[in-house]
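Please read the structure below before turning to the comments.
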Amino acid sequence: MKRLVPAVIILTMTIFICITAHTFVNRACDNTIKDIELYYNKKISSQQLEDNWQNRKENMALFVNHGFLDKISIYIGQLTVFTDNNLPENETVYKNIKSVLSLIKAEQRFGLHSFY
Amino acid sequence: MISTVLRTIILYIIVTVAIRLMGKRQIGDMQPNELVITLLISEIAAIPLQDTEQPMSVGLAAIFVLVFLEIVISILAMKSFSVRKILNGKSVVVIKNGVIDQHAMRNVRMTVIDLIEQLRGQSVFNLEDVAFAVLEVNGNLSVLLKKDAQPISVKDIELNIPDEPLPLPVISDGKIIYESLRALEISTQKLKKILKHKCSTPKEIFLMTLDRDGNHTIIKKGGANN
């Protein structure tokens, strides 16, 4: 039974990583959407939106494919330029951000897509 | 670049700890399930190293799960004969009472050439000398020679030779190995006394072995055996 101790510790660590990743990534994705909506409603500046995302990105990199995060960084950069200049392309960029965030969320939760 | 170096260091430490937790075995001695897990761990550890876009946690979680499975499976295999049989298979007698069991050899897909090669590996060159040969689950062949082909042992000639005590290294490269001294139940003072008798200090010694009876071999640094 003594040999089971490291196994239990490892299992606990794995479950902890999974739950933390799932909760943290979901919350970060939701907060990013909220930030963008606040930015649309002019409650936060474009700089603040980008700073908030950068902080979030650093932590999310622990659990999420870095390619996805870099894509969102690029889209947020585009979004601020298009919105500040009242260009209609911002809607497309917003949709792109939402779809990448939903992909990130899908990767974290258990589903047939992530399983296969 | 720096992140790759750091990732490599972290993964090296984690994989080493993981393999250590799984127990000490060489690749050739591994059971099938142990070999599979070792191969998987090495493959999984390489993914975050090769692709820096992958978060490390993905690789780590997979390694942790594999180590967990290995520990649990090895405990189950230890406790239950059926689990052990399912996971590792069972030993197969390929030579029984000096006769090759062709049916058993077909079952384990072993050719006569393989058998003879394995026997040569055990320093057996004449098939007729073999009483029993067992193909173990790790692929090794264990051989029992016929009585007339077995080398003479001390027991056969009825000599009364006392068992030799096990010599252990007590000084390596100038450093005293206290663990060996504890195992031999010999104090540091006694060791120093032996060294004093030899007009030497631990720092001057490259290797010293000692047994319970006080028999010792000393190799001085840059010198010969003493």
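Ordered as shown in the structure tokens, chains take letters A, B, and onward, while each chain numbers its residues from 1 and ligands are numbered from 1 in the order shown.
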Compute the set of chain B residues within 12 Å of chain A, using only C-alpha atoms, and express it as a ChimeraX atom specification. /B:14,17-18,20-23,48,51-76,78-79
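Near B:Glu117, within 12 Å and counting only C-alpha atoms, sit B:Met110, B:Thr111, B:Val112, B:Gln122, B:Ser123, B:Val124, B:Phe125, B:Asn126, B:Leu127, B:Asn140, B:Leu141; same-chain residues fewer than 5 positions away were not included.
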I need the chosen residues saved as a short mmCIF file (atom, residue, chain, number, x, y, z; two decimals), in the first residue's frame, with N, CA and C atoms.
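This went into result_27.cif:
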```
data_model
loop_
_atom_site.label_atom_id
_atom_site.label_comp_id
_atom_site.auth_asym_id
_atom_site.auth_seq_id
_atom_site.Cartn_x
_atom_site.Cartn_y
_atom_site.Cartn_z
N MET B 110 8.51 -18.74 -31.94
CA MET B 110 9.97 -18.80 -31.79
C MET B 110 10.51 -19.89 -32.71
N THR B 111 11.52 -19.53 -33.49
CA THR B 111 12.09 -20.54 -34.39
C THR B 111 13.22 -21.29 -33.67
N VAL B 112 13.62 -22.40 -34.26
CA VAL B 112 14.71 -23.18 -33.66
C VAL B 112 16.00 -22.35 -33.67
N GLN B 122 23.51 -18.08 -23.49
CA GLN B 122 23.63 -18.60 -22.12
C GLN B 122 24.83 -19.55 -22.01
N SER B 123 25.71 -19.49 -23.02
CA SER B 123 26.91 -20.35 -23.09
C SER B 123 26.56 -21.83 -23.18
N VAL B 124 25.43 -22.13 -23.80
CA VAL B 124 25.07 -23.53 -24.02
C VAL B 124 25.15 -23.77 -25.53
N PHE B 125 26.07 -24.63 -25.94
CA PHE B 125 26.29 -24.84 -27.37
C PHE B 125 25.74 -26.18 -27.85
N ASN B 126 25.42 -27.05 -26.91
CA ASN B 126 24.88 -28.34 -27.30
C ASN B 126 23.46 -28.49 -26.77
N LEU B 127 22.54 -28.63 -27.70
CA LEU B 127 21.11 -28.73 -27.35
C LEU B 127 20.83 -29.92 -26.42
N ASN B 140 13.62 -13.26 -22.13
CA ASN B 140 14.88 -13.97 -21.82
C ASN B 140 14.61 -15.48 -21.74
N LEU B 141 15.66 -16.24 -22.02
CA LEU B 141 15.54 -17.70 -21.93
C LEU B 141 16.29 -18.18 -20.69
#
```
Excluding A:Trp53 and its own-chain neighbours fewer than 6 positions away, which residues fall within 9 Å of it when counting only C-alpha atoms? Please give them as a ChimeraX atom specification. /A:32,35,72-73,76
Could you turn the residues from that selection into a file that holds N, CA, C and O atoms, as a compact mmCIF listing (two decimals), in the first residue's frame?
```txt
# COMPACT_ATOMS: atom_id res chain seq x y z
N THR A 32 -12.68 37.72 -21.33
CA THR A 32 -12.20 38.38 -22.55
C THR A 32 -13.39 38.90 -23.36
O THR A 32 -13.37 40.04 -23.84
N ASP A 35 -14.74 41.91 -21.63
CA ASP A 35 -13.86 43.06 -21.87
C ASP A 35 -14.14 43.70 -23.22
O ASP A 35 -14.19 44.92 -23.35
N ILE A 72 -5.58 35.37 -31.06
CA ILE A 72 -6.46 36.33 -30.37
C ILE A 72 -5.75 37.67 -30.20
O ILE A 72 -6.36 38.73 -30.37
N SER A 73 -4.46 37.63 -29.89
CA SER A 73 -3.70 38.88 -29.74
C SER A 73 -3.77 39.69 -31.04
O SER A 73 -3.99 40.92 -31.00
N ILE A 76 -7.34 41.07 -31.49
CA ILE A 76 -7.65 42.19 -30.59
C ILE A 76 -6.97 43.45 -31.11
O ILE A 76 -7.56 44.55 -31.09
```
Looking only at helix (DSSP H, G or I) from DSSP on the backbone, list the matching residues of stretch 20-171 of chain B as a ChimeraX atom specification. /B:20-22,27-29,32-50,56-79,81-88,102-107,112-121,127-129,147-149
One decimal, in Å: what's the spacing between atom CA of B:Ile177 and atom CA of B:Glu164?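 Going from atom CA of B:Ile177 over to atom CA of B:Glu164, I get 21.4 Å.
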Close residues, A:Lys71 itself excluded, 10 Å, only C-alpha atoms, min 6 positions apart in chain, as a PDB file with N, CA, C and O atoms, in the first residue's frame:
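What landed in result04.pdb:
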```
ATOM      1  N   GLY A  77      -5.745  43.308 -31.601  1.00  0.00           N
ATOM      2  CA  GLY A  77      -5.043  44.457 -32.203  1.00  0.00           C
ATOM      3  C   GLY A  77      -5.840  45.018 -33.368  1.00  0.00           C
ATOM      4  O   GLY A  77      -6.057  46.242 -33.463  1.00  0.00           O
ATOM      5  N   ASN A  96     -14.472  36.388 -35.123  1.00  0.00           N
ATOM      6  CA  ASN A  96     -13.270  35.531 -35.152  1.00  0.00           C
ATOM      7  C   ASN A  96     -12.755  35.277 -33.738  1.00  0.00           C
ATOM      8  O   ASN A  96     -12.409  34.140 -33.384  1.00  0.00           O
ATOM      9  N   ILE A  97     -12.715  36.341 -32.936  1.00  0.00           N
ATOM     10  CA  ILE A  97     -12.234  36.183 -31.545  1.00  0.00           C
ATOM     11  C   ILE A  97     -13.131  35.193 -30.804  1.00  0.00           C
ATOM     12  O   ILE A  97     -12.655  34.281 -30.139  1.00  0.00           O
ATOM     13  N   VAL A 100     -12.455  31.628 -31.888  1.00  0.00           N
ATOM     14  CA  VAL A 100     -11.198  31.060 -31.349  1.00  0.00           C
ATOM     15  C   VAL A 100     -11.380  30.750 -29.859  1.00  0.00           C
ATOM     16  O   VAL A 100     -10.957  29.690 -29.384  1.00  0.00           O
TER      17      VAL A 100
END
```
